[in-house]
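Asks: Just passing along the structure, written as structure tokens.
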Amino acid sequence: MLKNFFEGENILSSSFNVRLNVALTFNVKPESDNTFPENLPPVPNYPRQKEDNYVQPGKMNETSIDTYAEWDTWETINAVKEALECYNNVTLIEANDSAVEKLKSVKPDIVFNIAEGFNGVSREAQIPAILDMLQIPYSGSDPLTLATCLDKARTKEILSYYKIPNAKFITCFPGDADDCIDKISKSNFSFPLIVKPISEGSSKGIFSSSFVKNLEELEAEINRVTVEYNQSALIEEFLPGREFTVAILGNGSEAQALPIVEISYTDFPEDFIPIYSYEAKWILDTPDNPLDVFSCPAKISKSLEQKIKQTALNAFQVLRCKDWSRVDIRLDDKNQPNIIEINPLPGILPNPDDNSCYPKAARTAGLNYNDMINQVLYAAAKRHNLL
């Protein structure tokens, strides 16, 4: 069970003894159903995917299969709004070019931020940077941490400096494929390798082809990533061990790891590689036909559990994450936990039938969805001295 941050029987209601004016900042998937209340703004008219204009997976344009993978549906946005409304007044503010004026007009006590942004490698940091400028408190990590964690290579460099284990890697900049391949062929890199865009989340750009077994496949993947995503490619040695994800809640000495989720690939179709790729996450794994690959709490020894949680908490602290994050971990060939990546804006699908790991860990810890969201808000409000 989760060690509570609060005292008293009704921990949340007693903590929120004053209703805060909370703004919820978000980005919505363009294909999402509009279940927004009628008195609130309609779904924005973003370009939609067109079945008759299908493009190669990963192609970064208006019709890409994964262009909006990081954004939320109205189902999630409304679920977060309803959770926050249990104890607070809530206003929705879409993270678009009108957000600054809306924030200035609303003047919230605090912002609950789940906005992923859209343009550039700083996209997740855009709303927090605006909030810093406007001196408005907000939940989650600051712009520097968000921008750093989105850059997988910078994240790994920091982790390596602090001696937090992560897979051996090299960064390949656009136009440098030949040089990168030459370095890998002359080094002690071991195939298979994983090739992914350096600054994407929600499994964007990670497909079955990302798992490369030779130099020819490596060259093809470097070219795919650098051309189609217009960014560098991160090339990592594949970690062959078990995979886990750790939800973290709180700050400083109060930060704690929730029950560990394990992702098992034993029952994957034979032609799928053992990674939670875009195909697995968004095409193969659906609410109507969910993959039976997640278990929480993970069935592991106490010593391994402690080692995984401590590795996740160490990464959370050295990256200076705030309030919450999800840390993905995989064991190496010596069964040592290695960081795959840190997600300071974790996915929070509200439907228990969806394989959304942060809510899954929270439920195992004894928190329902509403309490999970408000625990995060409380951690942020406490950090900002609002309660």
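In the structure tokens, chains take letters A, B, ... by order of appearance, with residues numbered from 1 within each chain and ligands from 1 in the order shown.
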Identify all residues of stretch 236-361 of chain A in strand (DSSP E or B) (DSSP on the backbone) and supply them as a compact mmCIF listing (two decimals) with N, CA and C atoms, in the first residue's frame.
Replies:
# COMPACT_ATOMS: atom_id res chain seq x y z
N GLU A 236 21.15 2.27 -29.34
CA GLU A 236 21.48 1.64 -28.07
C GLU A 236 21.65 0.15 -28.23
N GLU A 237 22.51 -0.43 -27.40
CA GLU A 237 22.55 -1.87 -27.31
C GLU A 237 21.25 -2.37 -26.70
N GLU A 243 11.59 -6.46 -18.36
CA GLU A 243 11.30 -5.02 -18.47
C GLU A 243 10.26 -4.61 -17.43
N PHE A 244 10.49 -3.43 -16.84
CA PHE A 244 9.62 -2.93 -15.79
C PHE A 244 9.38 -1.43 -16.00
N THR A 245 8.32 -0.93 -15.36
CA THR A 245 8.13 0.51 -15.32
C THR A 245 7.71 0.88 -13.91
N VAL A 246 8.23 2.02 -13.43
CA VAL A 246 8.05 2.43 -12.04
C VAL A 246 7.41 3.81 -12.00
N ALA A 247 6.24 3.91 -11.39
CA ALA A 247 5.57 5.19 -11.19
C ALA A 247 6.09 5.81 -9.90
N ILE A 248 6.44 7.08 -9.97
CA ILE A 248 6.96 7.79 -8.80
C ILE A 248 6.06 8.97 -8.49
N LEU A 249 5.81 9.18 -7.21
CA LEU A 249 4.91 10.22 -6.75
C LEU A 249 5.55 10.96 -5.58
N GLN A 256 8.19 8.62 -3.59
CA GLN A 256 8.15 7.18 -3.39
C GLN A 256 7.76 6.47 -4.67
N ALA A 257 8.26 5.28 -4.80
CA ALA A 257 7.95 4.44 -5.96
C ALA A 257 6.71 3.61 -5.65
N VAL A 261 5.38 -2.27 -12.19
CA VAL A 261 4.69 -2.95 -13.28
C VAL A 261 5.72 -3.69 -14.12
N GLU A 262 5.47 -4.95 -14.41
CA GLU A 262 6.33 -5.69 -15.34
C GLU A 262 5.64 -5.82 -16.68
N ILE A 263 6.43 -5.68 -17.74
CA ILE A 263 5.94 -5.88 -19.11
C ILE A 263 6.61 -7.15 -19.63
N PHE A 294 1.00 -7.13 -18.98
CA PHE A 294 1.33 -6.31 -17.82
C PHE A 294 0.93 -7.02 -16.53
N SER A 295 1.81 -6.98 -15.55
CA SER A 295 1.47 -7.50 -14.23
C SER A 295 1.93 -6.51 -13.17
N TRP A 324 5.71 13.93 -10.03
CA TRP A 324 5.44 12.60 -10.55
C TRP A 324 6.27 12.33 -11.79
N SER A 325 6.47 11.08 -12.07
CA SER A 325 7.15 10.63 -13.29
C SER A 325 6.95 9.12 -13.40
N ARG A 326 7.20 8.61 -14.59
CA ARG A 326 7.27 7.16 -14.79
C ARG A 326 8.64 6.84 -15.35
N VAL A 327 9.31 5.87 -14.73
CA VAL A 327 10.67 5.52 -15.12
C VAL A 327 10.65 4.10 -15.70
N ASP A 328 11.10 3.96 -16.95
CA ASP A 328 11.13 2.66 -17.62
C ASP A 328 12.50 2.02 -17.42
N ILE A 329 12.50 0.74 -17.07
CA ILE A 329 13.72 0.03 -16.69
C ILE A 329 13.75 -1.34 -17.36
N ARG A 330 14.94 -1.76 -17.76
CA ARG A 330 15.13 -3.11 -18.28
C ARG A 330 16.40 -3.70 -17.68
N LEU A 331 16.38 -5.00 -17.43
CA LEU A 331 17.55 -5.67 -16.87
C LEU A 331 18.55 -6.00 -17.98
N PRO A 337 19.35 -3.56 -13.07
CA PRO A 337 18.39 -2.60 -13.64
C PRO A 337 19.09 -1.48 -14.40
N ASN A 338 18.65 -1.23 -15.62
CA ASN A 338 19.14 -0.13 -16.45
C ASN A 338 17.98 0.78 -16.82
N ILE A 339 18.23 2.08 -16.80
CA ILE A 339 17.19 3.03 -17.19
C ILE A 339 17.02 3.01 -18.71
N ILE A 340 15.77 2.88 -19.16
CA ILE A 340 15.46 3.04 -20.58
C ILE A 340 15.15 4.50 -20.87
N GLU A 341 14.21 5.06 -20.10
CA GLU A 341 13.93 6.49 -20.22
C GLU A 341 13.10 6.95 -19.04
N ILE A 342 13.02 8.27 -18.86
CA ILE A 342 12.23 8.90 -17.80
C ILE A 342 11.12 9.70 -18.46
N ASN A 343 9.92 9.52 -17.95
CA ASN A 343 8.73 10.18 -18.52
C ASN A 343 8.12 11.12 -17.47
Asks: Quick one, how far is atom CA of A:Ala83 from atom CA of A:Cys149?
Replies: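 The value is 26.9 Å.
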Asks: From a DSSP pass on the backbone, collect the residues of stretch 304-386 of chain A flagged as alpha helix (DSSP H) and hand them back as JSON, numbers by chain.
Replies: {"A": [304, 305, 306, 307, 308, 309, 310, 311, 312, 313, 314, 315, 316, 317, 318, 357, 358, 359, 360, 361, 362, 363, 364, 369, 370, 371, 372, 373, 374, 375, 376, 377, 378, 379, 380, 381, 382, 383]}
Asks: With N, CA and C atoms kept, could you save the residues just selected as a CSV table (one decimal), in the first residue's frame?
Replies:
chain,number,residue,atom,x,y,z
A,304,LEU,N,15.4,-7.6,-5.7
A,304,LEU,CA,15.3,-7.0,-7.0
A,304,LEU,C,14.3,-5.9,-7.0
A,305,GLU,N,13.2,-6.0,-6.3
A,305,GLU,CA,12.2,-4.9,-6.2
A,305,GLU,C,12.9,-3.7,-5.6
A,306,GLN,N,13.6,-3.8,-4.5
A,306,GLN,CA,14.3,-2.7,-3.9
A,306,GLN,C,15.3,-2.1,-4.8
A,307,LYS,N,16.1,-2.9,-5.6
A,307,LYS,CA,17.1,-2.4,-6.5
A,307,LYS,C,16.4,-1.6,-7.6
A,308,ILE,N,15.3,-2.1,-8.2
A,308,ILE,CA,14.6,-1.4,-9.3
A,308,ILE,C,14.1,-0.1,-8.8
A,309,LYS,N,13.4,-0.1,-7.6
A,309,LYS,CA,12.8,1.1,-7.1
A,309,LYS,C,13.9,2.2,-6.8
A,310,GLN,N,15.0,1.7,-6.2
A,310,GLN,CA,16.1,2.7,-5.9
A,310,GLN,C,16.7,3.3,-7.1
A,311,THR,N,16.9,2.4,-8.2
A,311,THR,CA,17.4,2.9,-9.5
A,311,THR,C,16.5,4.0,-10.1
A,312,ALA,N,15.2,3.7,-10.0
A,312,ALA,CA,14.2,4.7,-10.5
A,312,ALA,C,14.2,6.0,-9.7
A,313,LEU,N,14.2,5.8,-8.4
A,313,LEU,CA,14.2,7.0,-7.6
A,313,LEU,C,15.5,7.8,-7.8
A,314,ASN,N,16.6,7.2,-8.0
A,314,ASN,CA,17.9,7.9,-8.2
A,314,ASN,C,17.8,8.7,-9.5
A,315,ALA,N,17.2,8.1,-10.6
A,315,ALA,CA,17.1,8.8,-11.8
A,315,ALA,C,16.1,10.0,-11.7
A,316,PHE,N,15.0,9.8,-11.0
A,316,PHE,CA,14.1,10.8,-10.7
A,316,PHE,C,14.8,12.0,-10.0
A,317,GLN,N,15.6,11.7,-9.1
A,317,GLN,CA,16.3,12.8,-8.3
A,317,GLN,C,17.3,13.5,-9.1
A,318,VAL,N,18.2,12.8,-9.8
A,318,VAL,CA,19.3,13.5,-10.5
A,318,VAL,C,18.8,14.2,-11.8
A,357,CYS,N,0.2,2.4,-17.5
A,357,CYS,CA,1.0,1.9,-16.3
A,357,CYS,C,0.9,2.8,-15.1
A,358,TYR,N,0.9,4.1,-15.2
A,358,TYR,CA,0.9,4.9,-14.0
A,358,TYR,C,-0.4,4.7,-13.2
A,359,PRO,N,-1.6,4.7,-13.9
A,359,PRO,CA,-2.8,4.4,-13.1
A,359,PRO,C,-2.8,3.0,-12.6
A,360,LYS,N,-2.3,2.1,-13.4
A,360,LYS,CA,-2.2,0.7,-13.0
A,360,LYS,C,-1.4,0.5,-11.7
A,361,ALA,N,-0.3,1.2,-11.6
A,361,ALA,CA,0.5,1.1,-10.3
A,361,ALA,C,-0.3,1.8,-9.2
A,362,ALA,N,-0.9,2.9,-9.5
A,362,ALA,CA,-1.7,3.6,-8.4
A,362,ALA,C,-2.8,2.8,-7.9
A,363,ARG,N,-3.5,2.1,-8.8
A,363,ARG,CA,-4.6,1.2,-8.3
A,363,ARG,C,-4.1,0.1,-7.4
A,364,THR,N,-2.9,-0.4,-7.8
A,364,THR,CA,-2.3,-1.5,-7.0
A,364,THR,C,-1.9,-0.9,-5.6
A,369,TYR,N,-8.5,6.5,-9.5
A,369,TYR,CA,-8.0,7.5,-10.5
A,369,TYR,C,-8.1,8.9,-9.9
A,370,ASN,N,-9.3,9.2,-9.3
A,370,ASN,CA,-9.5,10.6,-8.8
A,370,ASN,C,-8.4,10.9,-7.7
A,371,ASP,N,-8.2,9.9,-6.8
A,371,ASP,CA,-7.3,10.2,-5.7
A,371,ASP,C,-5.8,10.3,-6.3
A,372,MET,N,-5.5,9.5,-7.3
A,372,MET,CA,-4.2,9.6,-7.9
A,372,MET,C,-3.9,11.0,-8.4
A,373,ILE,N,-4.9,11.5,-9.2
A,373,ILE,CA,-4.7,12.8,-9.8
A,373,ILE,C,-4.5,13.9,-8.7
A,374,ASN,N,-5.4,13.8,-7.6
A,374,ASN,CA,-5.3,14.8,-6.6
A,374,ASN,C,-4.1,14.6,-5.7
A,375,GLN,N,-3.5,13.4,-5.6
A,375,GLN,CA,-2.3,13.2,-4.9
A,375,GLN,C,-1.2,14.0,-5.6
A,376,VAL,N,-1.2,14.0,-6.9
A,376,VAL,CA,-0.2,14.7,-7.7
A,376,VAL,C,-0.4,16.2,-7.5
A,377,LEU,N,-1.6,16.6,-7.6
A,377,LEU,CA,-1.9,18.1,-7.4
A,377,LEU,C,-1.5,18.5,-6.0
A,378,TYR,N,-1.7,17.6,-5.0
A,378,TYR,CA,-1.4,18.0,-3.6
A,378,TYR,C,0.2,18.1,-3.5
A,379,ALA,N,0.9,17.2,-4.1
A,379,ALA,CA,2.4,17.3,-4.1
A,379,ALA,C,2.8,18.6,-4.6
A,380,ALA,N,2.2,19.0,-5.8
A,380,ALA,CA,2.6,20.3,-6.4
A,380,ALA,C,2.2,21.5,-5.5
A,381,ALA,N,1.0,21.4,-5.0
A,381,ALA,CA,0.5,22.6,-4.2
A,381,ALA,C,1.4,22.7,-2.9
A,382,LYS,N,1.7,21.6,-2.3
A,382,LYS,CA,2.6,21.6,-1.1
A,382,LYS,C,3.9,22.2,-1.5
A,383,ARG,N,4.5,21.8,-2.6
A,383,ARG,CA,5.8,22.3,-3.1
A,383,ARG,C,5.8,23.8,-3.3
Asks: Leaving out A:Thr226 and any residue of its chain fewer than 5 positions from it, which residues lie within 10 Å of it when counting only C-alpha atoms, given as a list of chain:residue names?
Replies: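 Within the cut-off, the hits are A:Cys172, A:Phe173, A:Pro174, A:Gly175, A:Asp176, A:Ala177, A:Lys196, A:Pro197, A:Ile198, A:Glu221, A:Gln231, A:Ser232, A:Ala233, A:Leu234.
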Asks: Pull N, CA and C atoms from the residues just selected and write them as a JSON list (two decimals), in the first residue's frame.
Replies:
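Dumped to selection27.json:
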[["chain", "number", "residue", "atom", "x", "y", "z"],
["A", 172, "CYS", "N", 23.49, 9.59, -33.44],
["A", 172, "CYS", "CA", 23.80, 9.79, -34.86],
["A", 172, "CYS", "C", 23.02, 10.99, -35.37],
["A", 173, "PHE", "N", 23.73, 12.05, -35.73],
["A", 173, "PHE", "CA", 23.09, 13.26, -36.22],
["A", 173, "PHE", "C", 22.71, 13.09, -37.69],
["A", 174, "PRO", "N", 21.69, 13.83, -38.15],
["A", 174, "PRO", "CA", 21.30, 13.74, -39.56],
["A", 174, "PRO", "C", 22.50, 13.99, -40.48],
["A", 175, "GLY", "N", 22.65, 13.13, -41.47],
["A", 175, "GLY", "CA", 23.75, 13.24, -42.42],
["A", 175, "GLY", "C", 25.02, 12.52, -42.01],
["A", 176, "ASP", "N", 25.04, 11.95, -40.78],
["A", 176, "ASP", "CA", 26.25, 11.31, -40.28],
["A", 176, "ASP", "C", 26.13, 9.78, -40.23],
["A", 177, "ALA", "N", 25.22, 9.21, -41.00],
["A", 177, "ALA", "CA", 24.99, 7.76, -40.93],
["A", 177, "ALA", "C", 26.25, 6.96, -41.21],
["A", 196, "LYS", "N", 16.10, 4.65, -32.36],
["A", 196, "LYS", "CA", 14.87, 5.40, -32.08],
["A", 196, "LYS", "C", 15.12, 6.90, -32.27],
["A", 197, "PRO", "N", 14.08, 7.68, -32.54],
["A", 197, "PRO", "CA", 14.25, 9.14, -32.56],
["A", 197, "PRO", "C", 14.72, 9.62, -31.19],
["A", 198, "ILE", "N", 15.53, 10.65, -31.20],
["A", 198, "ILE", "CA", 16.15, 11.08, -29.95],
["A", 198, "ILE", "C", 15.19, 11.85, -29.05],
["A", 221, "GLU", "N", 17.63, 2.01, -40.72],
["A", 221, "GLU", "CA", 16.90, 2.63, -39.61],
["A", 221, "GLU", "C", 17.42, 4.02, -39.29],
["A", 231, "GLN", "N", 15.43, 14.59, -37.01],
["A", 231, "GLN", "CA", 16.17, 14.70, -35.76],
["A", 231, "GLN", "C", 17.20, 13.58, -35.69],
["A", 232, "SER", "N", 18.05, 13.67, -34.69],
["A", 232, "SER", "CA", 19.08, 12.65, -34.53],
["A", 232, "SER", "C", 18.47, 11.31, -34.14],
["A", 233, "ALA", "N", 19.23, 10.26, -34.40],
["A", 233, "ALA", "CA", 18.83, 8.91, -34.00],
["A", 233, "ALA", "C", 19.66, 8.49, -32.79],
["A", 234, "LEU", "N", 19.00, 7.87, -31.83],
["A", 234, "LEU", "CA", 19.68, 7.28, -30.69],
["A", 234, "LEU", "C", 19.84, 5.79, -30.96]]
Asks: Restricting the calculation to only C-alpha atoms, which member of A:Val121, A:Ile235, A:Leu193, A:Leu349 is positioned closest to A:Thr73?
Replies: A:Leu349
Asks: Let me make sure I understand: among A:Asn88, A:Ser98, A:Ser105, A:Thr76, which one has the smallest atom-to-atom distance to A:Val28 if we use only C-alpha atoms?
Replies: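 Distance minimum relative to A:Val28 lands on A:Thr76.
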Asks: Can you work out the spacing between atom CA of A:Ala147 and atom CA of A:Leu367 in Å, to one decimal?
Replies: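 Result for atom CA of A:Ala147 versus atom CA of A:Leu367: 29.4 Å, one decimal.
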Asks: Quick one: distance from atom CA of A:Lys183 to atom CA of A:Phe169 in Å, one decimal?
Replies: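 Distance reported for this atom pair: 11.4 Å.
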Asks: Counting only C-alpha atoms, which residue out of A:Val80, A:Leu386, A:Leu319, A:Ile348 sits closest to A:Thr155?
Replies: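 Under the stated criterion, the closest residue is A:Leu319.
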Asks: Got a sec: who's within 12 Å of A:Ala95, counting only C-alpha atoms, leaving out chain neighbours fewer than 5 positions off, as an MDAnalysis selection string?
Replies: chainID A and resid 23:28 44 71:72 100:103 111:119 123:128 130:131
